[in-house]
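Asks: Got query_20.txt for you, compact mmCIF, C-alpha atoms:
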# COMPACT_ATOMS: atom_id res chain seq x y z
CA MET A 24 16.04 2.56 -0.66
CA ARG A 25 18.42 2.99 -3.62
CA ALA A 26 17.43 4.59 -6.92
CA HIS A 27 19.04 4.56 -10.33
CA ALA A 28 17.85 6.16 -13.58
CA PHE A 29 18.94 6.00 -17.20
CA GLN A 30 17.59 6.75 -20.67
CA SER A 31 16.33 3.96 -22.91
CA MET A 32 13.44 3.30 -25.31
CA GLY A 33 12.78 7.03 -25.62
CA THR A 34 12.05 7.48 -21.94
CA THR A 35 13.61 7.59 -18.50
CA VAL A 36 13.92 4.22 -16.82
CA GLU A 37 13.90 4.35 -13.04
CA CYS A 38 14.99 1.44 -10.81
CA LEU A 39 14.29 1.33 -7.06
CA VAL A 40 15.65 -1.37 -4.81
CA ASP A 41 15.10 -2.00 -1.13
CA HIS A 42 18.56 -3.40 -0.50
CA GLU A 43 22.19 -2.34 -0.78
CA ALA A 44 23.79 -4.96 -2.97
CA SER A 45 22.27 -4.16 -6.37
CA SER A 46 24.25 -3.42 -9.46
CA PHE A 47 22.19 -1.75 -12.16
CA ASP A 48 24.58 -2.43 -15.06
CA GLU A 49 22.85 -5.67 -15.97
CA VAL A 50 19.47 -3.88 -16.11
CA GLU A 51 20.81 -1.10 -18.32
CA ASP A 52 22.43 -3.66 -20.63
CA GLU A 53 19.18 -5.62 -20.86
CA PHE A 54 17.14 -2.51 -21.71
CA ARG A 55 19.63 -1.47 -24.41
CA ARG A 56 19.76 -5.01 -25.84
CA LEU A 57 15.94 -5.17 -26.06
CA GLU A 58 15.74 -1.64 -27.50
CA GLU A 59 18.11 -2.66 -30.28
CA ILE A 60 15.77 -5.55 -31.14
CA PHE A 61 12.37 -3.83 -30.85
CA THR A 62 12.95 -0.28 -32.12
CA ARG A 63 11.36 0.73 -35.42
CA PHE A 64 13.54 3.83 -35.67
CA ASP A 65 16.73 1.87 -36.40
CA GLY A 66 16.81 0.15 -39.80
CA ALA A 67 19.22 -2.47 -38.45
CA SER A 68 16.95 -3.67 -35.63
CA GLU A 69 15.45 -7.11 -35.87
CA LEU A 70 11.95 -5.62 -35.98
CA SER A 71 12.87 -3.27 -38.85
CA GLN A 72 14.36 -6.18 -40.79
CA LEU A 73 11.17 -8.18 -40.25
CA ASN A 74 8.98 -5.25 -41.35
CA ARG A 75 11.18 -4.75 -44.43
CA ASN A 76 11.42 -8.42 -45.48
CA GLY A 77 7.99 -9.65 -44.39
CA SER A 78 9.54 -12.85 -43.11
CA LEU A 79 12.47 -13.47 -40.80
CA ALA A 80 14.01 -16.04 -38.53
CA VAL A 81 14.12 -14.08 -35.29
CA GLY A 82 15.59 -14.35 -31.83
CA ALA A 83 13.75 -15.59 -28.76
CA ASP A 84 12.73 -12.13 -27.55
CA LEU A 85 11.09 -10.92 -30.75
CA LEU A 86 9.42 -14.30 -31.11
CA GLU A 87 8.02 -14.20 -27.58
CA LEU A 88 6.91 -10.57 -27.73
CA THR A 89 5.14 -11.15 -31.06
CA GLU A 90 3.35 -14.15 -29.58
CA LEU A 91 2.31 -12.12 -26.54
CA ALA A 92 1.06 -9.29 -28.75
CA LEU A 93 -0.92 -11.63 -30.98
CA GLU A 94 -2.43 -13.37 -27.98
CA ALA A 95 -3.41 -9.94 -26.64
CA ARG A 96 -5.00 -9.09 -30.01
CA GLU A 97 -7.04 -12.26 -29.75
CA ARG A 98 -8.05 -11.69 -26.13
CA THR A 99 -9.07 -8.05 -26.57
CA GLY A 100 -11.01 -8.64 -29.74
CA GLY A 101 -8.53 -6.55 -31.70
CA ARG A 102 -8.48 -3.50 -29.44
CA PHE A 103 -4.81 -4.16 -28.89
CA ASP A 104 -3.02 -4.84 -32.15
CA PRO A 105 0.69 -4.84 -33.02
CA THR A 106 -0.03 -4.29 -36.72
CA VAL A 107 -0.59 -0.54 -36.24
CA HIS A 108 2.82 0.40 -37.67
CA ASP A 109 1.60 2.01 -40.88
CA ALA A 110 -1.23 3.81 -39.12
CA VAL A 111 1.20 5.31 -36.57
CA VAL A 112 3.52 6.40 -39.39
CA ALA A 113 0.58 7.84 -41.34
CA ALA A 114 -0.39 9.85 -38.27
CA GLY A 115 3.06 11.42 -38.40
CA TYR A 116 4.94 9.43 -35.77
CA ASP A 117 7.53 8.33 -38.31
CA ARG A 118 10.69 9.07 -36.36
CA THR A 119 11.69 9.33 -32.73
CA PHE A 120 9.41 11.64 -30.83
CA ALA A 121 12.20 14.17 -30.26
CA ASP A 122 12.79 14.46 -34.01
CA LEU A 123 9.16 14.93 -35.14
CA ASP A 124 8.57 17.79 -37.58
CA PRO A 125 5.36 19.72 -36.81
CA ASP A 126 5.28 21.25 -40.31
CA ALA A 127 5.43 17.98 -42.23
CA PRO A 128 2.50 17.43 -44.62
CA VAL A 129 -0.33 15.03 -43.77
CA ASP A 130 0.16 11.62 -45.39
CA SER A 131 -3.47 10.68 -45.36
CA GLU A 132 -6.63 11.77 -43.61
CA HIS A 133 -7.88 8.22 -43.88
CA GLY A 134 -6.83 5.58 -41.42
CA LYS A 135 -4.52 2.76 -42.33
CA PRO A 136 -6.05 -0.70 -41.95
CA CYS A 137 -4.87 -2.85 -39.07
CA GLY A 138 -5.36 -6.46 -38.12
CA GLY A 139 -3.34 -8.07 -40.91
CA ARG A 140 -2.02 -11.61 -40.93
CA VAL A 141 0.94 -12.49 -38.72
CA VAL A 142 2.17 -16.08 -38.41
CA VAL A 143 4.61 -17.19 -35.74
CA ASP A 144 6.33 -20.53 -36.28
CA ARG A 145 7.96 -21.36 -32.98
CA ALA A 146 9.59 -24.54 -34.33
CA SER A 147 11.65 -22.60 -36.88
CA SER A 148 11.67 -19.33 -34.89
CA ARG A 149 10.27 -17.61 -37.95
CA ILE A 150 7.71 -14.81 -38.20
CA GLU A 151 5.81 -14.17 -41.42
CA LEU A 152 3.80 -11.02 -42.07
CA GLY A 153 0.93 -10.70 -44.51
CA GLU A 154 1.30 -8.36 -47.45
CA GLY A 155 1.59 -4.73 -46.37
CA VAL A 156 1.62 -5.73 -42.67
CA ARG A 157 4.23 -4.17 -40.43
CA LEU A 158 4.56 -4.39 -36.67
CA ASP A 159 4.98 -1.70 -34.05
CA PHE A 160 5.14 -2.86 -30.47
CA GLY A 161 5.30 0.55 -28.77
CA GLY A 162 4.35 0.29 -25.10
CA ILE A 163 4.22 -3.49 -24.91
CA ALA A 164 7.94 -3.64 -25.72
CA LYS A 165 8.60 -1.32 -22.79
CA GLY A 166 6.43 -3.50 -20.61
CA TYR A 167 8.36 -6.57 -21.76
CA ALA A 168 11.67 -4.88 -20.90
CA VAL A 169 10.33 -3.79 -17.50
CA ASP A 170 9.28 -7.36 -16.66
CA ARG A 171 12.70 -8.69 -17.73
CA ALA A 172 14.57 -6.01 -15.78
CA CYS A 173 12.48 -6.75 -12.70
CA ASP A 174 13.34 -10.44 -12.95
CA LEU A 175 17.04 -9.56 -13.04
CA LEU A 176 16.89 -7.18 -10.08
CA ALA A 177 14.65 -9.50 -8.06
CA GLU A 178 17.50 -11.99 -7.75
CA GLN A 179 19.04 -9.58 -5.22
CA GLY A 180 15.87 -8.51 -3.40
CA SER A 181 12.67 -6.53 -3.73
CA CYS A 182 12.62 -3.97 -6.53
CA LEU A 183 10.56 -1.66 -8.74
CA VAL A 184 11.32 -0.78 -12.37
CA ASN A 185 9.48 2.11 -14.02
CA ALA A 186 9.92 2.89 -17.71
CA GLY A 187 8.04 6.10 -18.36
CA GLY A 188 4.87 4.94 -16.63
CA ASP A 189 4.99 1.19 -17.26
CA LEU A 190 6.21 -0.27 -14.00
CA ALA A 191 6.44 -3.60 -12.22
CA VAL A 192 7.50 -4.73 -8.78
CA ARG A 193 9.00 -7.87 -7.32
CA GLY A 194 8.89 -8.49 -3.58
CA ARG A 195 7.70 -6.05 -0.98
CA PRO A 196 9.70 -3.13 0.41
CA SER A 197 10.06 -2.62 4.16
CA GLN A 198 6.90 -0.50 4.29
CA GLY A 199 4.84 -3.35 2.83
CA VAL A 200 3.78 -1.81 -0.48
CA TRP A 201 5.30 0.24 -3.28
CA PRO A 202 3.43 3.58 -3.19
CA VAL A 203 2.97 4.89 -6.74
CA GLU A 204 1.41 8.23 -7.60
CA VAL A 205 -1.31 8.44 -10.24
CA GLU A 206 -2.29 11.89 -11.42
CA THR A 207 -5.98 12.78 -11.57
CA PRO A 208 -7.62 16.16 -12.14
CA ALA A 209 -8.77 16.12 -8.49
CA GLY A 210 -5.19 15.63 -7.29
CA PRO A 211 -2.78 12.74 -7.04
CA VAL A 212 -3.95 9.31 -5.90
CA THR A 213 -1.39 6.92 -4.39
CA LEU A 214 -1.72 3.25 -5.20
CA GLY A 215 0.08 0.76 -2.96
CA LEU A 216 1.33 -2.07 -5.14
CA GLU A 217 2.20 -5.28 -3.30
CA SER A 218 2.73 -7.36 -6.42
CA GLY A 219 2.23 -7.10 -10.15
CA ALA A 220 2.48 -4.02 -12.31
CA LEU A 221 0.93 -0.68 -13.25
CA ALA A 222 0.67 0.75 -16.72
CA THR A 223 -0.77 4.00 -17.98
CA SER A 224 -1.94 4.80 -21.48
CA GLY A 225 -3.28 8.15 -22.52
CA SER A 226 -3.39 10.82 -25.15
CA ASP A 227 -2.08 13.52 -22.83
CA ARG A 228 1.54 12.80 -23.77
CA ARG A 229 3.29 12.14 -27.09
CA ARG A 230 1.11 14.59 -28.96
CA TRP A 231 2.30 16.43 -32.03
CA LEU A 232 1.07 18.70 -34.80
CA ARG A 233 0.79 17.41 -38.33
CA GLY A 234 -0.54 19.82 -40.94
CA GLY A 235 -1.82 22.03 -38.12
CA VAL A 236 -3.86 19.18 -36.64
CA GLU A 237 -2.97 17.76 -33.22
CA LYS A 238 -2.30 14.03 -33.26
CA HIS A 239 -1.41 11.48 -30.61
CA HIS A 240 0.22 8.08 -30.63
CA LEU A 241 -2.66 5.86 -29.48
CA ILE A 242 -3.91 4.37 -32.72
CA ASP A 243 -7.32 2.73 -32.57
CA PRO A 244 -6.91 -0.45 -34.65
CA ALA A 245 -10.59 -0.27 -35.55
CA SER A 246 -10.17 3.01 -37.43
CA GLY A 247 -6.42 3.03 -38.05
CA ARG A 248 -6.28 6.61 -36.75
CA PRO A 249 -5.49 8.28 -33.43
CA ALA A 250 -8.29 7.20 -31.12
CA GLU A 251 -11.14 9.53 -30.33
CA THR A 252 -12.54 8.63 -26.94
CA ASP A 253 -13.93 10.41 -23.89
CA LEU A 254 -11.00 9.13 -21.85
CA LEU A 255 -7.82 11.08 -21.38
CA ARG A 256 -5.78 8.49 -19.55
CA VAL A 257 -6.13 4.97 -18.11
CA THR A 258 -3.97 3.48 -15.36
CA VAL A 259 -4.33 -0.25 -14.89
CA ALA A 260 -2.97 -2.73 -12.34
CA ALA A 261 -2.12 -6.11 -13.79
CA GLY A 262 -0.08 -9.23 -13.17
CA SER A 263 2.77 -8.00 -15.38
CA ALA A 264 3.81 -4.83 -17.19
CA VAL A 265 3.06 -6.46 -20.55
CA GLU A 266 -0.43 -7.36 -19.37
CA GLY A 267 -0.91 -3.87 -17.91
CA GLU A 268 0.01 -2.22 -21.19
CA VAL A 269 -2.47 -4.40 -23.09
CA LEU A 270 -5.31 -3.81 -20.62
CA ALA A 271 -4.68 -0.05 -20.42
CA LYS A 272 -5.00 0.27 -24.19
CA ALA A 273 -8.01 -2.05 -24.37
CA LEU A 274 -9.87 0.01 -21.74
CA TYR A 275 -8.76 3.31 -23.27
CA PHE A 276 -10.22 2.40 -26.66
CA ALA A 277 -13.42 1.10 -25.03
CA GLY A 278 -14.43 4.57 -23.82
CA ALA A 279 -15.35 5.53 -20.26
CA LYS A 280 -18.70 3.80 -19.83
CA GLN A 281 -17.69 0.52 -21.40
CA ALA A 282 -14.31 0.61 -19.64
CA VAL A 283 -15.95 0.86 -16.20
CA THR A 284 -18.29 -2.02 -17.03
CA GLU A 285 -15.49 -4.24 -18.30
CA ALA A 286 -13.11 -3.35 -15.48
CA ASP A 287 -15.74 -4.20 -12.85
CA GLU A 288 -16.83 -7.35 -14.63
CA LEU A 289 -13.33 -8.66 -15.27
CA GLY A 290 -11.77 -7.38 -12.06
CA ILE A 291 -9.23 -5.02 -13.58
CA PRO A 292 -8.24 -2.48 -10.91
CA CYS A 293 -7.91 0.84 -12.70
CA VAL A 294 -8.08 4.64 -12.51
CA LEU A 295 -9.83 6.26 -15.47
CA VAL A 296 -9.25 9.96 -16.12
CA LEU A 297 -12.00 11.44 -18.27
CA GLY A 298 -11.49 14.02 -20.97
CA ASP A 299 -13.85 16.42 -19.21
CA GLY A 300 -11.69 16.53 -16.08
CA GLY A 301 -13.33 13.82 -13.98
CA ALA A 302 -11.80 10.62 -12.70
CA VAL A 303 -13.20 7.29 -11.61
CA THR A 304 -11.80 4.09 -10.12
CA ALA A 305 -13.11 0.68 -11.13
CA GLY A 306 -12.35 -3.01 -11.01
CA GLY A 307 -12.51 -3.29 -7.23
CA LEU A 308 -9.85 -0.67 -6.57
CA GLU A 309 -10.45 0.63 -3.05
CA MET B 30 -17.40 11.41 144.42
CA THR B 31 -15.31 8.75 143.08
CA THR B 32 -17.85 7.45 140.56
CA GLU B 33 -18.28 10.77 138.67
CA PRO B 34 -14.73 11.20 137.50
CA ARG B 35 -14.77 7.56 136.58
CA ARG B 36 -17.79 8.22 134.35
CA ALA B 37 -15.99 11.23 132.92
CA ARG B 38 -12.97 9.20 132.35
CA ARG B 39 -15.15 6.54 130.69
CA SER B 40 -17.11 9.07 128.51
CA LEU B 41 -14.09 11.02 127.35
CA PRO B 42 -12.48 8.12 125.47
CA LYS B 43 -15.80 7.38 123.84
CA ARG B 44 -15.99 10.87 122.41
CA THR B 45 -12.42 10.71 121.45
CA VAL B 46 -13.03 7.46 119.70
CA ARG B 47 -15.86 9.04 117.75
CA LEU B 48 -13.75 11.97 116.83
CA CYS B 49 -10.97 9.71 115.85
CA ALA B 50 -13.35 7.60 113.77
CA LEU B 51 -14.73 10.70 112.09
CA ALA B 52 -11.25 11.99 111.42
CA THR B 53 -10.22 8.65 110.07
CA ALA B 54 -13.29 8.49 107.84
CA LEU B 55 -12.59 11.97 106.54
CA ALA B 56 -9.01 11.09 105.94
CA ILE B 57 -10.00 7.94 104.05
CA PHE B 58 -12.54 9.89 102.03
CA ALA B 59 -10.01 12.55 101.17
CA LEU B 60 -7.44 9.97 100.23
CA ALA B 61 -9.98 8.13 98.08
CA TRP B 62 -11.04 11.40 96.50
CA LEU B 63 -7.50 12.31 95.66
CA THR B 64 -6.76 8.88 94.37
CA ILE B 65 -9.83 8.76 92.12
CA ASN B 66 -9.33 12.35 90.99
CA ALA B 67 -5.80 11.55 89.92
CA ARG B 68 -7.10 8.85 87.39
CA PRO B 69 -4.13 6.62 87.75
CA TRP B 70 -5.46 4.16 85.13
CA GLN B 71 -5.15 6.88 82.39
CA ALA B 72 -1.65 7.81 83.30
CA GLU B 73 -0.67 4.20 83.19
CA ALA B 74 -2.19 3.82 79.71
CA LYS B 75 -0.41 6.94 78.43
CA ALA B 76 2.86 5.97 79.79
CA ALA B 77 3.02 2.52 78.24
CA PRO B 78 1.13 2.00 74.89
CA ASP B 79 0.61 -1.59 73.81
CA PRO B 80 3.45 -2.50 71.41
CA ARG B 81 1.26 -5.01 69.58
CA VAL B 82 -1.27 -2.30 68.76
CA ALA B 83 1.50 0.01 67.62
CA ALA B 84 2.92 -2.74 65.41
CA LEU B 85 -0.49 -3.46 63.95
CA GLU B 86 -1.07 0.21 63.26
CA GLY B 87 2.31 0.47 61.54
CA ARG B 88 1.59 -2.61 59.49
CA GLU B 89 -1.80 -1.20 58.53
CA ARG B 90 -0.22 2.03 57.30
CA LEU B 91 2.38 0.07 55.33
CA LEU B 92 -0.28 -2.09 53.74
CA GLN B 93 -2.30 0.99 52.81
CA LEU B 94 0.74 2.46 51.09
CA LYS B 95 1.46 -0.82 49.31
CA ALA B 96 -2.19 -1.10 48.25
CA THR B 97 -2.01 2.38 46.74
CA ASP B 98 1.15 1.42 44.84
CA VAL B 99 -0.41 -1.82 43.61
CA ARG B 100 -3.57 0.00 42.51
CA HIS B 101 -1.40 2.44 40.58
CA VAL B 102 0.59 -0.31 38.88
CA VAL B 103 -2.57 -2.28 38.06
CA TYR B 104 -4.20 0.82 36.60
CA GLU B 105 -1.16 1.54 34.42
CA ARG B 106 -0.92 -2.07 33.27
CA PHE B 107 -4.60 -2.20 32.48
CA ALA B 108 -4.39 1.03 30.50
CA SER B 109 -1.44 -0.39 28.57
CA TYR B 110 -3.30 -3.67 28.05
CA ARG B 111 -6.36 -1.80 26.78
CA GLU B 112 -4.19 0.12 24.31
CA ARG B 113 -2.59 -3.08 23.05
CA LEU B 114 -5.98 -4.76 22.87
CA GLU B 115 -7.38 -1.92 20.76
CA ALA B 116 -4.34 -2.04 18.45
CA ARG B 117 -4.67 -5.81 18.17
CA LYS B 118 -8.39 -5.53 17.41
CA LYS B 119 -7.61 -2.99 14.69
CA ALA B 120 -4.89 -5.25 13.24
CA ILE B 121 -7.28 -8.22 13.25
CA ALA B 122 -10.00 -6.16 11.57
CA ALA B 123 -7.51 -4.96 8.94
CA ALA B 124 -6.29 -8.54 8.36
CA GLU B 125 -9.88 -9.71 8.00
CA ARG B 126 -10.64 -6.94 5.53
CA ARG B 127 -7.47 -7.83 3.59
CA HIS B 128 -8.40 -11.49 3.67
CA ARG B 129 -11.91 -10.72 2.37
CA ARG B 130 -10.43 -8.58 -0.40
CA GLU B 131 -7.95 -11.28 -1.35
CA LEU B 132 -10.69 -13.90 -1.28
CA LYS B 133 -12.82 -11.70 -3.51
CA ARG B 134 -9.91 -11.23 -5.88
CA ALA B 135 -9.13 -14.93 -5.92
CA LYS B 136 -12.77 -15.74 -6.72
CA ARG B 137 -12.78 -13.12 -9.43
CA ALA B 138 -9.51 -14.45 -10.81
CA ALA B 139 -10.88 -17.99 -10.80
CA ALA B 140 -13.99 -16.78 -12.62
CA ILE B 141 -11.86 -14.90 -15.13
CA ALA B 142 -9.54 -17.86 -15.65
CA ALA B 143 -12.53 -20.05 -16.38
CA ARG B 144 -13.60 -17.86 -19.31
CA THR B 145 -12.62 -18.54 -22.89
CA PRO B 146 -11.27 -16.46 -24.52
CA ARG B 147 -9.68 -14.74 -21.58
CA TYR B 148 -9.50 -10.99 -21.50
CA VAL B 149 -6.97 -10.85 -18.71
CA THR B 150 -4.53 -13.44 -17.45
CA ALA B 151 -5.14 -15.28 -14.21
CA THR B 152 -2.31 -13.42 -12.50
CA VAL B 153 -4.00 -10.78 -10.38
CA PRO B 154 -2.07 -7.82 -8.98
CA VAL B 155 -2.40 -6.85 -5.33
CA VAL B 156 -3.08 -3.13 -5.22
CA ARG B 157 -5.05 -0.64 -3.16
CA THR B 158 -5.12 3.07 -2.52
CA VAL B 159 -2.84 4.10 0.34
CA ALA B 160 -1.93 7.23 2.25
CA LEU B 161 1.85 6.97 1.88
CA ALA B 162 4.39 9.22 0.26
CA PRO B 163 4.87 7.93 -3.31
CA VAL B 164 8.27 6.56 -4.33
CA THR B 165 7.56 7.05 -8.04
CA LYS B 166 4.70 7.91 -10.39
CA THR B 167 3.02 6.39 -13.39
CA LYS B 168 2.08 8.55 -16.36
CA SER B 169 1.09 8.03 -19.96
CA SER B 170 3.88 6.14 -21.66
Here is the file; what I need is its structure written in the form of structure tokens.
Replies:
Amino acid sequence: MRAHAFQSMGTTVECLVDHEASSFDEVEDEFRRLEEIFTRFDGASELSQLNRNGSLAVGADLLELTELALEARERTGGRFDPTVHDAVVAAGYDRTFADLDPDAPVDSEHGKPCGGRVVVDRASSRIELGEGVRLDFGGIAKGYAVDRACDLLAEQGSCLVNAGGDLAVRGRPSQGVWPVEVETPAGPVTLGLESGALATSGSDRRRWLRGGVEKHHLIDPASGRPAETDLLRVTVAAGSAVEGEVLAKALYFAGAKQAVTEADELGIPCVLVLGDGGAVTAGGLE
Amino acid sequence: MTTEPRRARRSLPKRTVRLCALATALAIFALAWLTINARPWQAEAKAAPDPRVAALEGRERLLQLKATDVRHVVYERFASYRERLEARKKAIAAAERRHRRELKRAKRAAAIAARTPRYVTATVPVVRTVALAPVTKTKSS
């Protein structure tokens, strides 16, 4: 098995292939190309231009990702929402994570409203945002890049692409499954992924201090503030990395009890790590 | 005078004949005794064993050896067969369990796909917990 790692989208991207012929240049180029489109930390990115202008004729990738995100907002009843940009910034995540200033003053103790109007016109490739609405794709953009990178690598054989926890596989390795470790307070659990993707969302990483108060990056669209839930982390198996990212956030914001019910009812295999140190599997995960 | 010696002459041969007969009888008895005591039939048997019996005995020993070898081979093959049978049974049971799981997932996916609005897409991942060394890990992104 060959491995290759590089930095992109504020995280380490790891590629594993079960064959000898792979070149990883194409994958790196694809990640960097998508990062240049989706980042909100670069004023020249397509997303930043859209957020600044409120309306923009965009390329195919931003159009597709926005459609996916809006569809996810619809499906999850608003638990997943790409219009959290201002709420994330208000919470203090206004620059790359490495550059955050812990002593910066608090912008607002109140949450920023989410759920504003976003219109995608596929015929003219134009996106229009309602007044005061700005988009932040966060994890779903990483998931999108992972799915695209996997498609590229899969042309040469079975592969796994992992971007800081959002990962997808194509094809099976020689041992039949891709064993992936999931941390739980009781010790690591290994999930064998034959097809699809895994995504993890949690408040245990990307935490920072703002005005002496600890914040994290998972904004609950319902309150417009960092979510307060009894879950610490949710790992979800899904058909794609984009889908996994959406489901992980939807279950995280639901809280432990509701998340178990929904995962079992909808058949979402998942590992839920509770804030009090427990862990539970649901959704038919054996 | 002349008749008495004649009588003597006549009686003497008669006695002699008896003596001779007795001696002959004793001699025959002794000869028979010696002959029987020598057990000539046993000596004859020892001297020349029946080659057919010897061949049969040899063949019997050979067959016994071959039977032991065959029993050994059969036992080993049966043990190997039993091992393979057990492994096959386990593989079948695992395949059946996997099939049941996949069937369950497919039913669940069909049920999910039938809902409107859908919470998850119809594409269902194939995942389970395993006891293998991980190749990577997932963590909060």
Asks: Could you tell me how far CA of Asp170 (chain A) lies from CA of Pro202 (chain A), in Å and to one decimal?
Replies: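 Rounded to one decimal, the two atoms are 18.3 Å apart.
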Asks: Residues at most 9 Å from Thr304 (chain A), counting all atoms listed in the file, excluding those fewer than 2 positions away in the same chain, as an MDAnalysis selection string?
Replies: chainID A and resid 283 292:296 302 306:309
Asks: Set the cut-off to 7 Å and count all atoms listed in the file: what are the residues of chain A that reach chain B? Output as an mmCIF file with C-alpha atoms, in the frame of the given file.
Replies:
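Dumped to result-v2.cif:
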data_model
loop_
_atom_site.group_PDB
_atom_site.id
_atom_site.type_symbol
_atom_site.label_atom_id
_atom_site.label_comp_id
_atom_site.auth_asym_id
_atom_site.auth_seq_id
_atom_site.Cartn_x
_atom_site.Cartn_y
_atom_site.Cartn_z
ATOM 1 C CA ARG A 98 -8.050 -11.690 -26.130
ATOM 2 C CA THR A 99 -9.070 -8.050 -26.570
ATOM 3 C CA GLY A 162 4.350 0.290 -25.100
ATOM 4 C CA GLY A 187 8.040 6.100 -18.360
ATOM 5 C CA GLY A 188 4.870 4.940 -16.630
ATOM 6 C CA ASP A 189 4.990 1.190 -17.260
ATOM 7 C CA PRO A 202 3.430 3.580 -3.190
ATOM 8 C CA VAL A 203 2.970 4.890 -6.740
ATOM 9 C CA GLU A 204 1.410 8.230 -7.600
ATOM 10 C CA VAL A 205 -1.310 8.440 -10.240
ATOM 11 C CA THR A 213 -1.390 6.920 -4.390
ATOM 12 C CA LEU A 214 -1.720 3.250 -5.200
ATOM 13 C CA GLY A 215 0.080 0.760 -2.960
ATOM 14 C CA LEU A 216 1.330 -2.070 -5.140
ATOM 15 C CA GLU A 217 2.200 -5.280 -3.300
ATOM 16 C CA SER A 218 2.730 -7.360 -6.420
ATOM 17 C CA GLY A 219 2.230 -7.100 -10.150
ATOM 18 C CA ALA A 220 2.480 -4.020 -12.310
ATOM 19 C CA ALA A 222 0.670 0.750 -16.720
ATOM 20 C CA THR A 223 -0.770 4.000 -17.980
ATOM 21 C CA SER A 224 -1.940 4.800 -21.480
ATOM 22 C CA GLY A 225 -3.280 8.150 -22.520
ATOM 23 C CA ASP A 227 -2.080 13.520 -22.830
ATOM 24 C CA ARG A 228 1.540 12.800 -23.770
ATOM 25 C CA ARG A 256 -5.780 8.490 -19.550
ATOM 26 C CA ALA A 260 -2.970 -2.730 -12.340
ATOM 27 C CA ALA A 261 -2.120 -6.110 -13.790
ATOM 28 C CA GLY A 262 -0.080 -9.230 -13.170
ATOM 29 C CA LEU A 289 -13.330 -8.660 -15.270
ATOM 30 C CA GLY A 290 -11.770 -7.380 -12.060
ATOM 31 C CA LEU A 308 -9.850 -0.670 -6.570
ATOM 32 C CA GLU A 309 -10.450 0.630 -3.050
#
Asks: So how many Å separate CA of Glu251 (chain A) and CA of Leu297 (chain A), to one decimal?
Replies: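 So the two atoms, CA of Glu251 (chain A) and CA of Leu297 (chain A), lie 12.2 Å apart.
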Asks: Grab the CA of Leu88 (chain A) to CA of Arg149 (chain A) distance for me, in Å with one decimal place.
Replies: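 Atom-to-atom, CA of Leu88 (chain A) to CA of Arg149 (chain A), that is 12.9 Å.
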Asks: Since fewer atoms than expected are present, regenerate N, CA and C atoms for region 137-149 of chain A and write them as a PDB file, in the frame of the given file.
Replies:
ATOM      1  N   CYS A 137      -5.656  -2.040 -40.005  1.00  0.00           N
ATOM      2  CA  CYS A 137      -4.870  -2.850 -39.070  1.00  0.00           C
ATOM      3  C   CYS A 137      -5.485  -4.250 -39.021  1.00  0.00           C
ATOM      4  N   GLY A 138      -4.814  -5.113 -38.311  1.00  0.00           N
ATOM      5  CA  GLY A 138      -5.360  -6.460 -38.120  1.00  0.00           C
ATOM      6  C   GLY A 138      -4.922  -7.464 -39.160  1.00  0.00           C
ATOM      7  N   GLY A 139      -3.820  -7.157 -39.870  1.00  0.00           N
ATOM      8  CA  GLY A 139      -3.340  -8.070 -40.910  1.00  0.00           C
ATOM      9  C   GLY A 139      -2.786  -9.377 -40.356  1.00  0.00           C
ATOM     10  N   ARG A 140      -2.446 -10.248 -41.292  1.00  0.00           N
ATOM     11  CA  ARG A 140      -2.020 -11.610 -40.930  1.00  0.00           C
ATOM     12  C   ARG A 140      -0.575 -11.611 -40.409  1.00  0.00           C
ATOM     13  N   VAL A 141      -0.395 -12.289 -39.294  1.00  0.00           N
ATOM     14  CA  VAL A 141       0.940 -12.490 -38.720  1.00  0.00           C
ATOM     15  C   VAL A 141       1.008 -13.953 -38.274  1.00  0.00           C
ATOM     16  N   VAL A 142       2.024 -14.658 -38.765  1.00  0.00           N
ATOM     17  CA  VAL A 142       2.170 -16.080 -38.410  1.00  0.00           C
ATOM     18  C   VAL A 142       3.491 -16.275 -37.672  1.00  0.00           C
ATOM     19  N   VAL A 143       3.396 -16.893 -36.515  1.00  0.00           N
ATOM     20  CA  VAL A 143       4.610 -17.190 -35.740  1.00  0.00           C
ATOM     21  C   VAL A 143       4.829 -18.703 -35.766  1.00  0.00           C
ATOM     22  N   ASP A 144       5.974 -19.111 -36.268  1.00  0.00           N
ATOM     23  CA  ASP A 144       6.330 -20.530 -36.280  1.00  0.00           C
ATOM     24  C   ASP A 144       7.418 -20.748 -35.239  1.00  0.00           C
ATOM     25  N   ARG A 145       7.003 -21.223 -34.093  1.00  0.00           N
ATOM     26  CA  ARG A 145       7.960 -21.360 -32.980  1.00  0.00           C
ATOM     27  C   ARG A 145       9.023 -22.422 -33.298  1.00  0.00           C
ATOM     28  N   ALA A 146       8.644 -23.454 -34.049  1.00  0.00           N
ATOM     29  CA  ALA A 146       9.590 -24.540 -34.330  1.00  0.00           C
ATOM     30  C   ALA A 146      10.795 -24.013 -35.120  1.00  0.00           C
ATOM     31  N   SER A 147      10.536 -23.135 -36.091  1.00  0.00           N
ATOM     32  CA  SER A 147      11.650 -22.600 -36.880  1.00  0.00           C
ATOM     33  C   SER A 147      12.037 -21.189 -36.454  1.00  0.00           C
ATOM     34  N   SER A 148      11.422 -20.692 -35.396  1.00  0.00           N
ATOM     35  CA  SER A 148      11.670 -19.330 -34.890  1.00  0.00           C
ATOM     36  C   SER A 148      11.462 -18.279 -35.974  1.00  0.00           C
ATOM     37  N   ARG A 149      10.486 -18.504 -36.815  1.00  0.00           N
ATOM     38  CA  ARG A 149      10.270 -17.610 -37.950  1.00  0.00           C
ATOM     39  C   ARG A 149       8.918 -16.889 -37.803  1.00  0.00           C
TER      40      ARG A 149
END
